[in-house]
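Student: So here's structure00.txt (compact mmCIF, C-alpha atoms).
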```txt
# COMPACT_ATOMS: atom_id res chain seq x y z
CA MET I 1 124.41 100.81 80.77
CA LYS I 2 122.36 98.28 82.76
CA ILE I 3 123.53 96.24 85.71
CA VAL I 4 122.07 93.69 88.11
CA HIS I 5 123.05 94.25 91.74
CA THR I 6 122.61 91.52 94.35
CA ALA I 7 124.40 90.24 97.46
CA ASP I 8 124.13 88.01 100.52
CA ILE I 9 122.79 84.85 98.89
CA HIS I 10 124.31 82.86 101.80
CA ILE I 11 124.32 79.48 100.08
CA GLY I 12 124.43 76.81 102.78
CA MET I 13 121.61 78.11 104.98
CA THR I 14 119.77 74.93 105.99
CA ASN I 15 117.50 76.04 108.81
CA TYR I 16 113.91 74.82 108.34
CA SER I 17 115.23 72.25 105.90
CA LYS I 18 114.73 68.60 105.07
CA LEU I 19 116.39 66.22 102.64
CA ASP I 20 115.12 66.39 99.08
CA PRO I 21 114.31 62.79 98.07
CA GLU I 22 115.28 63.30 94.42
CA THR I 23 118.69 64.91 94.89
CA GLY I 24 119.63 63.94 98.44
CA LEU I 25 120.45 67.61 99.10
CA GLU I 26 119.05 69.91 101.76
CA SER I 27 115.78 71.35 100.48
CA ARG I 28 116.62 74.89 101.61
CA LEU I 29 119.91 74.69 99.72
CA LEU I 30 117.83 74.05 96.61
CA ASP I 31 115.61 77.02 97.51
CA PHE I 32 118.60 79.34 97.55
CA PHE I 33 119.93 77.93 94.27
CA GLN I 34 116.50 78.47 92.66
CA THR I 35 116.43 82.06 93.88
CA PHE I 36 119.88 82.69 92.42
CA ASP I 37 118.74 81.03 89.16
CA PHE I 38 115.82 83.47 88.96
CA ILE I 39 118.15 86.48 89.34
CA ILE I 40 120.49 85.12 86.66
CA GLU I 41 117.61 84.42 84.27
CA GLN I 42 116.37 87.99 84.70
CA ALA I 43 119.87 89.37 84.10
CA ILE I 44 120.15 87.42 80.86
CA LYS I 45 116.60 88.35 79.81
CA GLU I 46 117.33 92.06 80.41
CA GLN I 47 120.64 91.73 78.56
CA VAL I 48 122.45 93.59 81.31
CA ASP I 49 125.97 94.86 80.77
CA ALA I 50 127.38 93.69 84.11
CA PHE I 51 126.41 91.48 87.04
CA ILE I 52 127.42 92.93 90.42
CA PHE I 53 127.65 90.65 93.47
CA ALA I 54 128.40 92.63 96.65
CA GLY I 55 129.65 89.79 98.85
CA ASP I 56 128.62 86.85 101.04
CA ALA I 57 128.14 84.03 98.58
CA TYR I 58 128.07 81.42 101.35
CA LYS I 59 126.84 81.01 104.89
CA THR I 60 130.26 80.04 106.24
CA ARG I 61 133.91 80.61 105.46
CA ASP I 62 134.30 76.93 104.58
CA PRO I 63 131.52 75.99 102.13
CA SER I 64 131.11 72.39 101.06
CA PRO I 65 132.18 71.26 97.58
CA THR I 66 128.49 70.91 96.67
CA GLN I 67 127.81 74.51 97.63
CA GLN I 68 130.87 75.75 95.73
CA ARG I 69 129.95 73.73 92.66
CA GLY I 70 126.40 75.11 92.69
CA PHE I 71 127.56 78.71 92.97
CA GLY I 72 130.29 78.23 90.35
CA GLU I 73 127.90 76.68 87.82
CA ARG I 74 125.67 79.72 88.08
CA ILE I 75 128.52 82.21 87.72
CA ARG I 76 129.62 80.33 84.62
CA LYS I 77 126.12 80.63 83.16
CA ILE I 78 126.27 84.42 83.53
CA VAL I 79 129.68 84.57 81.87
CA LYS I 80 128.56 82.32 79.00
CA ALA I 81 125.82 84.85 78.32
CA GLY I 82 128.57 87.42 77.71
CA ILE I 83 127.99 89.31 80.96
CA PRO I 84 131.02 90.25 83.09
CA VAL I 85 130.73 89.50 86.81
CA VAL I 86 132.18 91.71 89.53
CA MET I 87 132.36 90.22 93.03
CA VAL I 88 133.71 91.70 96.24
CA VAL I 89 134.60 89.53 99.20
CA GLY I 90 132.14 89.65 102.10
CA ASN I 91 132.61 88.85 105.78
CA HIS I 92 131.32 85.30 105.27
CA ASP I 93 133.76 84.85 102.38
CA THR I 94 136.74 86.13 104.35
CA PRO I 95 139.11 83.68 106.11
CA ASN I 96 139.89 84.29 109.76
CA ALA I 97 143.63 84.34 109.03
CA GLU I 98 145.40 86.75 106.73
CA GLY I 99 147.01 85.06 103.75
CA LYS I 100 144.48 82.24 103.64
CA ALA I 101 142.41 82.02 100.45
CA ASN I 102 138.83 83.27 100.60
CA THR I 103 135.87 81.36 99.22
CA LEU I 104 135.82 83.37 95.98
CA ASP I 105 139.53 83.09 95.19
CA ILE I 106 138.95 79.97 93.10
CA TYR I 107 137.50 82.12 90.29
CA SER I 108 140.64 84.27 90.20
CA ALA I 109 142.88 81.21 90.48
CA LEU I 110 141.17 79.59 87.50
CA GLU I 111 141.33 82.91 85.62
CA MET I 112 137.71 82.59 84.58
CA GLU I 113 137.20 85.11 81.80
CA LYS I 114 134.93 88.07 82.62
CA VAL I 115 134.97 87.30 86.37
CA TYR I 116 136.55 89.96 88.58
CA VAL I 117 137.00 89.16 92.27
CA SER I 118 138.16 91.93 94.59
CA ARG I 119 139.55 91.22 98.05
CA ARG I 120 141.11 94.66 98.61
CA PRO I 121 140.06 98.23 97.70
CA GLU I 122 140.94 98.90 94.07
CA PHE I 123 139.95 100.76 90.93
CA LEU I 124 138.85 98.52 88.06
CA GLN I 125 137.88 99.25 84.48
CA ILE I 126 135.52 96.54 83.29
CA PRO I 127 134.93 96.11 79.54
CA THR I 128 131.22 95.64 78.76
CA LYS I 129 129.25 95.61 75.52
CA ALA I 130 128.10 99.15 76.38
CA GLY I 131 131.59 100.46 77.06
CA ILE I 132 133.87 100.70 80.08
CA LEU I 133 132.32 100.42 83.55
CA GLN I 134 134.50 102.03 86.21
CA VAL I 135 134.33 100.08 89.47
CA ILE I 136 135.74 101.09 92.84
CA THR I 137 135.70 98.22 95.32
CA ALA I 138 135.41 98.18 99.09
CA PRO I 139 135.39 94.52 100.19
CA TRP I 140 135.09 93.40 103.81
CA LEU I 141 138.37 94.07 105.55
CA HIS I 142 139.98 93.02 108.77
CA ARG I 143 139.03 95.44 111.50
CA HIS I 144 142.34 97.30 111.58
CA ASP I 145 142.24 97.84 107.79
CA PHE I 146 138.88 99.60 107.60
CA LYS I 147 140.35 102.94 108.68
CA SER I 148 142.39 103.00 105.46
CA LEU I 149 139.19 103.49 103.43
CA GLY I 150 139.06 107.11 104.56
CA ASP I 151 142.14 107.78 102.43
CA LEU I 152 141.82 105.15 99.71
CA LEU I 153 138.29 105.90 98.47
CA PRO I 154 138.72 109.69 97.97
CA ALA I 155 141.97 109.00 96.10
CA MET I 156 140.17 106.60 93.76
CA TYR I 157 137.31 109.04 93.21
CA GLN I 158 139.93 111.34 91.69
CA GLN I 159 140.57 108.73 88.98
CA ILE I 160 136.96 108.66 87.74
CA ASN I 161 136.46 109.59 84.09
CA PRO I 162 133.36 111.86 84.14
CA ASP I 163 132.29 110.65 80.69
CA THR I 164 131.78 107.03 81.79
CA PRO I 165 129.54 105.46 84.46
CA ALA I 166 131.34 104.74 87.75
CA ILE I 167 130.12 102.62 90.63
CA LEU I 168 131.36 101.65 94.07
CA VAL I 169 130.81 98.05 95.14
CA GLY I 170 131.19 97.45 98.86
CA HIS I 171 130.43 94.90 101.52
CA LEU I 172 130.02 97.35 104.35
CA GLU I 173 128.02 98.31 107.42
CA VAL I 174 127.05 101.91 106.69
CA GLU I 175 125.80 104.37 109.28
CA GLY I 176 122.03 104.84 109.25
CA ALA I 177 121.26 101.41 107.79
CA ALA I 178 118.43 99.41 109.34
CA PHE I 179 119.53 95.90 110.24
CA GLY I 180 117.88 92.68 109.19
CA SER I 181 118.68 89.10 110.13
CA GLU I 182 122.41 89.50 109.44
CA LYS I 183 122.95 90.32 113.13
CA GLY I 184 121.91 86.78 113.98
CA LEU I 185 124.59 85.16 111.81
CA ALA I 186 127.17 87.92 111.48
CA ILE I 187 130.87 87.48 111.78
CA ILE I 188 131.18 90.51 114.01
CA ASN I 189 133.53 93.33 113.08
CA ASP I 190 131.64 96.31 114.59
CA VAL I 191 133.03 98.80 112.07
CA THR I 192 130.54 101.32 110.70
CA ILE I 193 131.40 103.35 107.61
CA PRO I 194 130.20 106.98 107.41
CA LEU I 195 127.64 107.42 104.65
CA SER I 196 129.38 110.61 103.58
CA LEU I 197 132.42 108.57 102.51
CA LEU I 198 130.30 106.89 99.80
CA THR I 199 128.37 109.84 98.36
CA ASP I 200 130.88 111.45 96.03
CA ARG I 201 128.87 113.00 93.18
CA ARG I 202 131.22 111.59 90.57
CA LEU I 203 129.77 108.15 91.31
CA SER I 204 126.77 106.94 89.36
CA TYR I 205 125.72 104.27 91.85
CA VAL I 206 126.87 102.59 95.09
CA ALA I 207 126.13 98.85 95.26
CA LEU I 208 126.25 97.57 98.83
CA GLY I 209 126.05 94.20 100.53
CA HIS I 210 126.03 92.92 104.14
CA ILE I 211 122.70 94.30 105.42
CA HIS I 212 119.82 91.93 104.63
CA LYS I 213 117.05 94.53 104.56
CA HIS I 214 116.52 96.31 101.24
CA GLN I 215 116.95 100.08 101.62
CA VAL I 216 118.04 103.20 99.83
CA LEU I 217 120.46 105.25 101.95
CA ASN I 218 121.06 108.10 99.50
CA LYS I 219 119.61 109.34 96.20
CA GLU I 220 122.41 111.35 94.58
CA PRO I 221 124.31 109.19 94.05
CA LEU I 222 122.07 106.21 94.71
CA VAL I 223 123.41 104.19 97.66
CA ILE I 224 121.48 100.94 97.90
CA TYR I 225 121.36 97.68 99.82
CA PRO I 226 119.38 95.17 97.72
CA GLY I 227 118.92 93.01 100.82
CA SER I 228 119.31 89.25 100.89
CA PRO I 229 117.42 87.71 97.93
CA ASP I 230 115.99 84.84 100.00
CA ARG I 231 114.60 84.63 103.54
CA ILE I 232 116.97 83.52 106.25
CA ASP I 233 114.57 83.25 109.21
CA PHE I 234 111.30 84.56 110.70
CA GLY I 235 112.88 87.95 111.32
CA GLU I 236 112.39 88.45 107.57
CA GLU I 237 108.86 86.98 107.48
CA LYS I 238 107.18 90.18 106.27
CA GLU I 239 110.04 91.51 104.13
CA GLU I 240 109.81 91.42 100.36
CA LYS I 241 112.97 89.89 98.94
CA GLY I 242 114.57 90.76 95.62
CA PHE I 243 117.43 92.39 93.71
CA ILE I 244 118.23 95.62 91.88
CA LEU I 245 118.14 96.35 88.17
CA ALA I 246 119.90 99.68 87.65
CA ASP I 247 120.35 101.90 84.62
CA LEU I 248 123.64 103.82 84.79
CA ARG I 249 124.73 107.07 83.18
CA PRO I 250 127.73 109.23 84.04
CA ALA I 251 127.23 110.57 87.60
CA GLN I 252 123.59 109.43 87.74
CA ALA I 253 121.40 106.32 87.79
CA SER I 254 117.87 105.00 88.15
CA PHE I 255 116.73 101.61 89.45
CA ILE I 256 113.89 99.21 90.02
CA PHE I 257 113.58 96.57 92.74
CA ILE I 258 112.59 93.19 91.32
CA PRO I 259 111.02 90.77 93.85
CA THR I 260 112.26 87.19 93.93
CA PRO I 261 109.73 84.31 94.21
CA VAL I 262 110.95 83.01 97.57
CA ARG I 263 109.39 80.57 100.00
CA LYS I 264 106.77 82.01 102.31
CA PHE I 265 107.36 82.23 106.07
CA LEU I 266 104.17 82.41 108.13
CA THR I 267 103.35 82.78 111.81
CA ILE I 268 99.80 81.76 112.80
CA ARG I 269 98.68 83.13 116.17
CA VAL I 270 95.53 81.80 117.84
CA LYS I 271 94.11 83.30 121.04
CA LEU I 272 91.56 80.98 122.61
CA GLN I 273 88.67 82.36 124.66
CA GLU I 274 87.80 81.14 128.16
CA ASN I 275 84.36 79.90 127.14
CA ASP I 276 85.48 78.22 123.92
CA PRO I 277 83.44 74.99 123.65
CA ASN I 278 85.81 73.42 121.11
CA PRO I 279 89.33 74.93 121.25
CA THR I 280 90.74 72.35 118.83
CA GLN I 281 88.24 73.39 116.16
CA THR I 282 89.11 77.04 116.73
CA VAL I 283 92.78 76.31 116.05
CA LEU I 284 91.96 74.20 112.99
CA GLN I 285 89.80 76.98 111.55
CA ALA I 286 92.57 79.55 112.06
CA ILE I 287 94.97 77.32 110.13
CA LYS I 288 92.49 76.75 107.28
CA GLU I 289 92.08 80.50 106.81
CA GLU I 290 95.77 80.86 105.89
CA GLN I 291 97.64 79.98 102.71
CA ILE I 292 99.97 77.39 104.21
CA LYS I 293 100.86 75.18 101.24
CA ASP I 294 104.66 74.89 100.84
CA ALA I 295 105.28 77.56 103.49
CA VAL I 296 107.53 77.45 106.54
CA VAL I 297 104.98 77.77 109.35
CA ARG I 298 105.07 78.26 113.08
CA LEU I 299 101.93 78.07 115.20
CA SER I 300 101.43 79.93 118.48
CA ILE I 301 98.37 79.18 120.65
CA ASP I 302 97.45 81.32 123.66
CA ILE I 303 95.43 79.23 126.12
CA PRO I 304 93.52 80.77 129.07
CA ALA I 305 94.05 78.90 132.33
CA SER I 306 90.31 78.24 132.59
CA VAL I 307 90.23 76.20 129.37
CA ASN I 308 90.20 72.63 130.60
CA LYS I 309 89.72 70.81 127.31
CA GLU I 310 92.81 69.23 125.81
CA LEU I 311 93.89 70.25 122.32
CA ALA I 312 93.88 67.41 119.81
CA MET I 313 97.45 67.86 118.59
CA ASP I 314 97.18 64.98 116.12
CA GLN I 315 94.37 66.81 114.30
CA ILE I 316 96.31 70.08 114.36
CA LYS I 317 99.43 68.47 112.88
CA LYS I 318 97.34 66.73 110.22
CA THR I 319 95.81 70.05 109.19
CA LEU I 320 99.32 71.48 108.91
CA SER I 321 100.46 68.66 106.60
CA PRO I 322 100.44 70.80 103.40
CA VAL I 323 103.20 73.03 104.80
CA PHE I 324 106.79 72.75 103.66
CA TYR I 325 108.13 72.73 107.20
CA ILE I 326 106.60 73.11 110.69
CA ALA I 327 109.00 75.45 112.47
CA GLY I 328 107.27 74.94 115.83
CA ILE I 329 104.00 74.69 117.71
CA SER I 330 103.94 76.61 120.98
CA ARG I 331 101.16 76.34 123.55
CA ASN I 332 101.23 79.36 125.81
CA VAL I 333 99.11 78.59 128.86
CA GLU I 334 98.06 81.62 130.86
CA ARG I 335 99.44 81.55 134.39
CA VAL I 336 97.10 82.78 137.12
CA GLU I 337 97.74 83.43 140.76
CA ARG I 338 96.75 80.42 142.83
CA GLU I 339 93.71 80.83 145.01
CA LEU I 340 93.81 79.90 148.68
CA LEU I 341 91.85 76.72 149.14
CA THR I 342 90.77 77.63 152.64
CA ASP I 343 88.88 80.46 154.21
CA GLN I 344 88.99 80.56 158.01
CA THR I 345 90.13 76.99 158.29
CA GLY I 346 93.89 76.39 158.32
CA VAL I 347 95.13 74.18 155.55
CA GLU I 348 96.75 71.94 158.14
CA ARG I 349 93.27 70.98 159.42
CA LEU I 350 92.10 69.65 156.04
CA THR I 351 92.37 66.03 155.17
CA PRO I 352 94.01 65.22 151.82
CA VAL I 353 90.61 64.35 150.33
CA GLU I 354 89.08 67.65 151.57
CA ALA I 355 91.97 69.61 150.13
CA LEU I 356 91.53 67.87 146.77
CA GLN I 357 87.79 68.56 146.81
CA LYS I 358 88.40 72.29 147.34
CA TYR I 359 91.00 72.27 144.57
CA PHE I 360 88.64 70.53 142.14
CA LEU I 361 85.89 73.05 142.93
CA SER I 362 88.28 75.99 142.42
CA LYS I 363 89.11 74.59 138.96
CA LYS I 364 85.37 74.38 138.20
CA TYR I 365 85.53 70.75 137.18
CA SER I 366 82.25 69.03 136.40
CA PRO I 367 80.70 66.81 139.11
CA GLU I 368 81.38 63.76 136.96
CA LYS I 369 85.06 64.61 136.60
CA ILE I 370 85.39 65.36 140.33
CA LYS I 371 83.81 62.03 141.21
CA LYS I 372 86.21 60.19 138.90
CA LEU I 373 89.26 62.03 140.26
CA GLU I 374 88.19 61.42 143.87
CA LYS I 375 88.04 57.73 143.09
CA PHE I 376 91.61 57.73 141.75
CA ALA I 377 92.78 59.80 144.72
CA ALA I 378 91.20 57.36 147.17
CA GLU I 379 92.99 54.44 145.50
CA ILE I 380 96.34 56.25 145.68
CA LEU I 381 95.87 57.32 149.32
CA SER I 382 94.88 53.85 150.37
```
So that I can check it, write out the structure of this file as structure tokens.

Tutor:
Amino acid sequence: MKIVHTADIHIGMTNYSKLDPETGLESRLLDFFQTFDFIIEQAIKEQVDAFIFAGDAYKTRDPSPTQQRGFGERIRKIVKAGIPVVMVVGNHDTPNAEGKANTLDIYSALEMEKVYVSRRPEFLQIPTKAGILQVITAPWLHRHDFKSLGDLLPAMYQQINPDTPAILVGHLEVEGAAFGSEKGLAIINDVTIPLSLLTDRRLSYVALGHIHKHQVLNKEPLVIYPGSPDRIDFGEEKEEKGFILADLRPAQASFIFIPTPVRKFLTIRVKLQENDPNPTQTVLQAIKEEQIKDAVVRLSIDIPASVNKELAMDQIKKTLSPVFYIAGISRNVERVERELLTDQTGVERLTPVEALQKYFLSKKYSPEKIKKLEKFAAEILS
């Protein structure tokens, strides 16, 4: 039995975004839809038996109608391909008041065939073309409800038929997991689940969501975070993004991680030298050495205090024009301790012009520049 396991698509992330001229939508919204489309296409191509979504469909608890429509259209495409969908509610899908509908409830309310949405721990038996898939769910709960999992999950493990694959689908923060960018946009609950609670050997596979960094926490049974399938910010610049294709058997499983073709995030760092005769050209060359087309790029330039030539920012921005989005250009000027402009002579004995002359010399300005500045100073002082 084959399944696709993904989570944390966070539709509605619009940082580093601009309006798409053709659709009028945020360009990063379209990025996330395209990433989800790729996962769905692969699921259909692989003819998987079930599509597992482990929570956090949206960025916020109140997605826009456009975001809901986009997500719903894609879920419908999976179902039309004859693939059942199992979704658990994540922290970004959960309302801040008990009794209020969550963002995934619409699929249950419409009774969409082959779509199973779980908002509380439960034991499900999902019909697939390869037989029954047993699913134990552990959605995101209100803080005071998490302690109930210690009793509920072991009780449900007892119900597992050993002749049929069984999985646990949870949107959880599990002990030992390495965090990604979710800490920057988390709806904080500060409840960590012991890994040992999820490693019952009767399970074939544990499909987790919530942590954005792909990682395998346990091998028997497999306990896996697929990570977020698209990049949220520069904290994920070097992370490969993707989803899981798993092959299930009773009490065992194997998997492969399939990368998603997401937009590149790139930081370009340039450290200028004190004796650089053309610092602008140095920066331009550093940019040209990178693959910047259609990437989200930020540029950081370290500038020694002794560099007195101005950077031609217009040229730098022009060279960056092939990028998708300029996330920032920072000029980090080295700060040096100020030198005393006097030796044995008290500063109070210097005239303003003499003090300026000593300052210009300490900055190692050229004679021509000093002469020009002295002229301006004289005009101001007069």

Student: Which value, in Å to one decimal, gives the distance between CA of Ile292 (chain I) and CA of Tyr325 (chain I)?

Tutor: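 Those two atoms sit 9.9 Å apart.
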
Student: Report, in Å with one decimal, the straight-line distance from CA of Val89 (chain I) to CA of Lys59 (chain I).

Tutor: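 We find that CA of Val89 (chain I) and CA of Lys59 (chain I) lie 12.9 Å from each other.
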
Student: One decimal, Å: what's the distance from CA of Val86 (chain I) over to CA of Tyr157 (chain I), could you say?

Tutor: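 Computed distance, CA of Val86 (chain I) to CA of Tyr157 (chain I), equals 18.4 Å.
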
Student: Which is closest to Asn278 (chain I) among I:Glu310, I:Asp8, I:Asp56, I:Asp163, if we use all atoms listed in the file?

Tutor: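 Among the listed residues, the smallest separation from Asn278 (chain I) belongs to I:Glu310.
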
Student: Step by step: start from the point (91.0, 81.7, 125.3) in the file's coordinates, keep every protein, DNA or RNA residue that has an atom no farther than 10 Å from it, count only C-alpha atoms, and write the set as a PyMOL selection string.

Tutor: chain I and resi 270-276+279+282+301-307+333-334

Student: Env of region 114-118 of chain I: 12 Å cut, atoms = all atoms listed in the file, seq-sep filter 6 positions within chain, self excluded. Answer as a ChimeraX atom specification.

Tutor: /I:49-55,72,75-90,93-94,102-108,124-129,135-141,168-171

Student: Which residues come within 9 Å of Gln315 (chain I), counting all atoms listed in the file, excluding same-chain residues fewer than 4 positions away, as a compact mmCIF listing (two decimals) with C-alpha atoms, in the coordinates of the input?

Tutor:
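Resulting contents of result_0.txt:
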```
# COMPACT_ATOMS: atom_id res chain seq x y z
CA THR I 280 90.74 72.35 118.83
CA LEU I 284 91.96 74.20 112.99
CA LEU I 311 93.89 70.25 122.32
CA THR I 319 95.81 70.05 109.19
CA LEU I 320 99.32 71.48 108.91
```

Student: Restricting the calculation to all atoms listed in the file: of I:Tyr58, I:Phe265, I:Tyr365, I:Phe257, which residue gets closest to Val216 (chain I)?

Tutor: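 Residue with the minimum atom-to-atom distance to Val216 (chain I): I:Phe257.
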
Student: Find the residue from I:Val191, I:Leu203, I:Ile258, I:Ala178 that sits nearest to Met156 (chain I); use all atoms listed in the file when measuring.

Tutor: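 Smallest separation from Met156 (chain I) among the options: I:Leu203.
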
Student: Restricting the calculation to all atoms listed in the file, which member of I:Leu222, I:Ala43, I:Val297, I:Leu29 is positioned closest to Arg202 (chain I)?

Tutor: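 Using all atoms listed in the file, Arg202 (chain I) sits closest to I:Leu222.
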
Student: Point out the residue among I:Leu195, I:Ala207, I:Ala253, I:Ile11 with the least atom-to-atom distance to Glu220 (chain I), counting all atoms listed in the file.

Tutor: I:Ala253

Student: Considering only C-alpha atoms, can you say which of I:Ile232, I:Ala177, I:Leu172, I:Ile224 comes closest to Thr14 (chain I)?

Tutor: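 For Thr14 (chain I), the nearest of the given residues is I:Ile232.
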
Student: Box for region 201-212 of chain I: with edges along x, y and z, all listed atoms inside and 5 Å added on each side, what are the centre and edge lengths in Å to one decimal, as AutoDock Vina command-line options?

Tutor:
```
--center_x 125.5 --center_y 102.5 --center_z 97.4 --size_x 21.4 --size_y 31.1 --size_z 26.1
```
